[in-house]
Amino acid sequence: MSLDPAFPDPAGTWNRRFGGEGFVFGTEPNEWLRSHAGVWTPGQRVLSVADGEGRNSVWLAQRGLVVDAFDIAELGVAKARRLAAERGVTVNFAVADCDGYAWQRAAWDGIAAIFVQFADPALRARLFARLIDGLKPGGTLILQGYTPRQLDHRTGGPPLLEHLYTEPMLREAFAALEILELRDYEAELAEGSGHSGWSALIGLVARRR
Ligand SMILES: C[S@@+](CC[C@H](N)C(=O)[O-])C[C@H]1O[C@@H](n2cnc3c(N)ncnc32)[C@H](O)[C@@H]1O
């Protein structure tokens with residue numbers, strides 16, 4: 001249950017978005033994730049946070065990774081389960097919100113946090129602490145989000161400044177990790193109808209020491 005007045009009913013809101021036939025963010029993995037996932041090798045264990053309709057978790061499983069994934073929206077997770085079955089892979093899915101998920105400590109070789117900007121600053125602090133704590137030493141976080149310039153583009157993401165990321169914010173939030181790459185950039189996104197058009201993005205790759 002979100003205490004953020006901007007998103008009072010996240011499960012209901014996202015179930016309505018995911019209730020249609022298509023995939024809101026498509027069925028191909030996010031490009032920042034796809035182009036950096038080589039840091040993980042087959043057989044390693046990874047977690048896809050707020051995984052939506054499964055495009056990222058299922059692709060990671062197709063790469064031979066052992067994948068856990070969760071999302072607050074049961075309709076999204078149901079579609080993700082079907083996508084995994086269609087592609088003949090197994091993902092350990094859970095329906096959970098990010099405060100209620102059965103987080104583990106030092107458990108994952110990798111964590112993917114792709115567009116998890118539903119989190120207001122208080123929830124974000126709790127979530128980021130879980131990400132850091134969940135990585136094994138040597139494990140790597142791959143994170144993608146929008147920057148405040150996205151408020152001019154409006155091609156996806158929450159229209160709320162306090163939910164967006166800047167380079168200094170991510171540097172400070174993940175100071176406990178070794179930052180391997182942190183890039184503030186603009187690019188064309190074609191991720192279903194949900195993320196479509198010229199976008200102000202930020203990508204992070206960071207390793208637990
Ligand atoms: C922009 S979508 C991104 C989905 C997925 N990561 C992707 O890249 O396709 C945000 C996701 O966050 C989920 N979500 C929203 N609030 C959440 C919460 N409090 N805990 C867990 N998931 C949440 C939504 O259901 C939705 O699937």
# chains A, B, ... in the order shown; residues from 1 in each chain; ligands from 1
>>> residues_near_ligand(ligand="ligand 1", cutoff="7 Å", atoms="only C-alpha atoms and all ligand atoms", output="PyMOL selection string")
chain A and resi 1-2+10-11+14+25+30+49-56+70-73+76+96-99+113-119+157
>>> closest_atom_pairs(of="region 28-95 of chain A", to="region 100-110 of chain A", cutoff="12 Å", atoms="only C-alpha atoms", output="tab-separated table")
residue	atom	partner	partner_atom	distance
A:Leu33	CA	A:Gly110	CA	11.2
A:His36	CA	A:Gly110	CA	11.2
A:Ala37	CA	A:Gly110	CA	9.0
A:Gly38	CA	A:Gly110	CA	10.8
A:Val39	CA	A:Gly110	CA	8.5
A:Trp40	CA	A:Gly110	CA	6.9
A:Thr41	CA	A:Asp109	CA	9.2
A:Pro42	CA	A:Asp109	CA	10.8
A:Gly43	CA	A:Asp109	CA	9.8
A:Gln44	CA	A:Asp109	CA	6.0
A:Arg45	CA	A:Trp108	CA	5.4
A:Val46	CA	A:Gly110	CA	4.5
A:Leu47	CA	A:Gly110	CA	6.4
A:Ser48	CA	A:Gly110	CA	8.7
A:Val49	CA	A:Tyr101	CA	9.7
A:Ala50	CA	A:Tyr101	CA	10.2
A:Ser57	CA	A:Gly110	CA	11.8
A:Leu60	CA	A:Gly110	CA	10.6
A:Leu65	CA	A:Gly110	CA	9.7
A:Val66	CA	A:Trp108	CA	9.7
A:Val67	CA	A:Trp108	CA	9.4
A:Asp68	CA	A:Trp108	CA	9.2
A:Ala69	CA	A:Tyr101	CA	9.9
A:Phe70	CA	A:Tyr101	CA	7.5
A:Asp71	CA	A:Tyr101	CA	8.9
A:Ile72	CA	A:Tyr101	CA	9.3
A:Phe93	CA	A:Tyr101	CA	11.0
A:Ala94	CA	A:Tyr101	CA	8.1
A:Val95	CA	A:Tyr101	CA	8.2
>>> atom_distance(atom1="CA of Ile132 (chain A)", atom2="CA of Tyr185 (chain A)")
24.0 Å
>>> residues_around(residues="Arg183 (chain A)", least_positions_apart="6", cutoff="8 Å", atoms="only C-alpha atoms", output="VMD selection string")
chain A and resid 167 202 to 204
>>> write_last_selection(atoms="N, CA, C and O atoms", output="PDB file, in the first residue's frame")
ATOM      1  N   GLU A 167      22.190  12.744 -11.723  1.00  0.00           N
ATOM      2  CA  GLU A 167      23.477  12.081 -11.520  1.00  0.00           C
ATOM      3  C   GLU A 167      23.962  12.241 -10.065  1.00  0.00           C
ATOM      4  O   GLU A 167      24.322  11.236  -9.435  1.00  0.00           O
ATOM      5  N   ILE A 202      18.623   8.243 -17.599  1.00  0.00           N
ATOM      6  CA  ILE A 202      19.856   8.067 -16.847  1.00  0.00           C
ATOM      7  C   ILE A 202      20.028   6.567 -16.610  1.00  0.00           C
ATOM      8  O   ILE A 202      19.054   5.853 -16.356  1.00  0.00           O
ATOM      9  N   GLY A 203      21.259   6.110 -16.770  1.00  0.00           N
ATOM     10  CA  GLY A 203      21.541   4.692 -16.564  1.00  0.00           C
ATOM     11  C   GLY A 203      22.699   4.529 -15.604  1.00  0.00           C
ATOM     12  O   GLY A 203      23.664   5.305 -15.637  1.00  0.00           O
ATOM     13  N   LEU A 204      22.587   3.533 -14.763  1.00  0.00           N
ATOM     14  CA  LEU A 204      23.622   3.262 -13.756  1.00  0.00           C
ATOM     15  C   LEU A 204      23.996   1.780 -13.815  1.00  0.00           C
ATOM     16  O   LEU A 204      23.115   0.922 -13.964  1.00  0.00           O
TER      17      LEU A 204
END
>>> select_by_dssp(residues="region 87-141 of chain A", states="alpha helix (DSSP H)", output="PyMOL selection string")
chain A and resi 121-134
>>> atom_distance(atom1="CA of Asp9 (chain A)", atom2="CA of Leu164 (chain A)")
19.7 Å
>>> residues_around(residues="Pro121 (chain A)", least_positions_apart="5", cutoff="12 Å", atoms="only C-alpha atoms", output="PyMOL selection string")
chain A and resi 3-4+116+126-128+160-165+169+173
>>> write_last_selection(atoms="C-alpha atoms", output="compact mmCIF listing (two decimals), in the first residue's frame")
# COMPACT_ATOMS: atom_id res chain seq x y z
CA LEU A 3 1.49 6.27 1.24
CA ASP A 4 2.40 8.53 -1.66
CA VAL A 116 11.01 1.94 -10.76
CA ARG A 126 13.97 2.18 1.49
CA LEU A 127 14.06 0.52 -1.93
CA PHE A 128 17.62 1.61 -2.75
CA LEU A 160 6.66 14.29 -10.75
CA LEU A 161 10.02 15.98 -10.22
CA GLU A 162 10.69 14.34 -6.86
CA HIS A 163 10.44 10.86 -8.42
CA LEU A 164 13.06 11.52 -11.10
CA TYR A 165 16.81 10.90 -10.85
CA MET A 169 21.39 11.93 -6.50
CA ALA A 173 22.40 7.10 -3.05
>>> residues_around(residues="Leu180 (chain A)", least_positions_apart="4", cutoff="8 Å", atoms="only C-alpha atoms", output="list in words")
Leu204, Val205, Ala206 and Arg207 of chain A
>>> atom_distance(atom1="CA of Tyr146 (chain A)", atom2="CA of Thr166 (chain A)")
8.4 Å
>>> closest_residue(among="A:Gly197, A:Pro159, A:Gly88, A:Gly192", to="Val58 (chain A)", atoms="only C-alpha atoms")
A:Gly88
>>> select_by_dssp(residues="region 86-161 of chain A", states="strand (DSSP E)", output="ChimeraX atom specification")
/A:92-95,108-114,135-146
>>> closest_residue(among="A:Val77, A:Leu143, A:Ala84, A:Leu182", to="Ile111 (chain A)", atoms="only C-alpha atoms")
A:Leu143
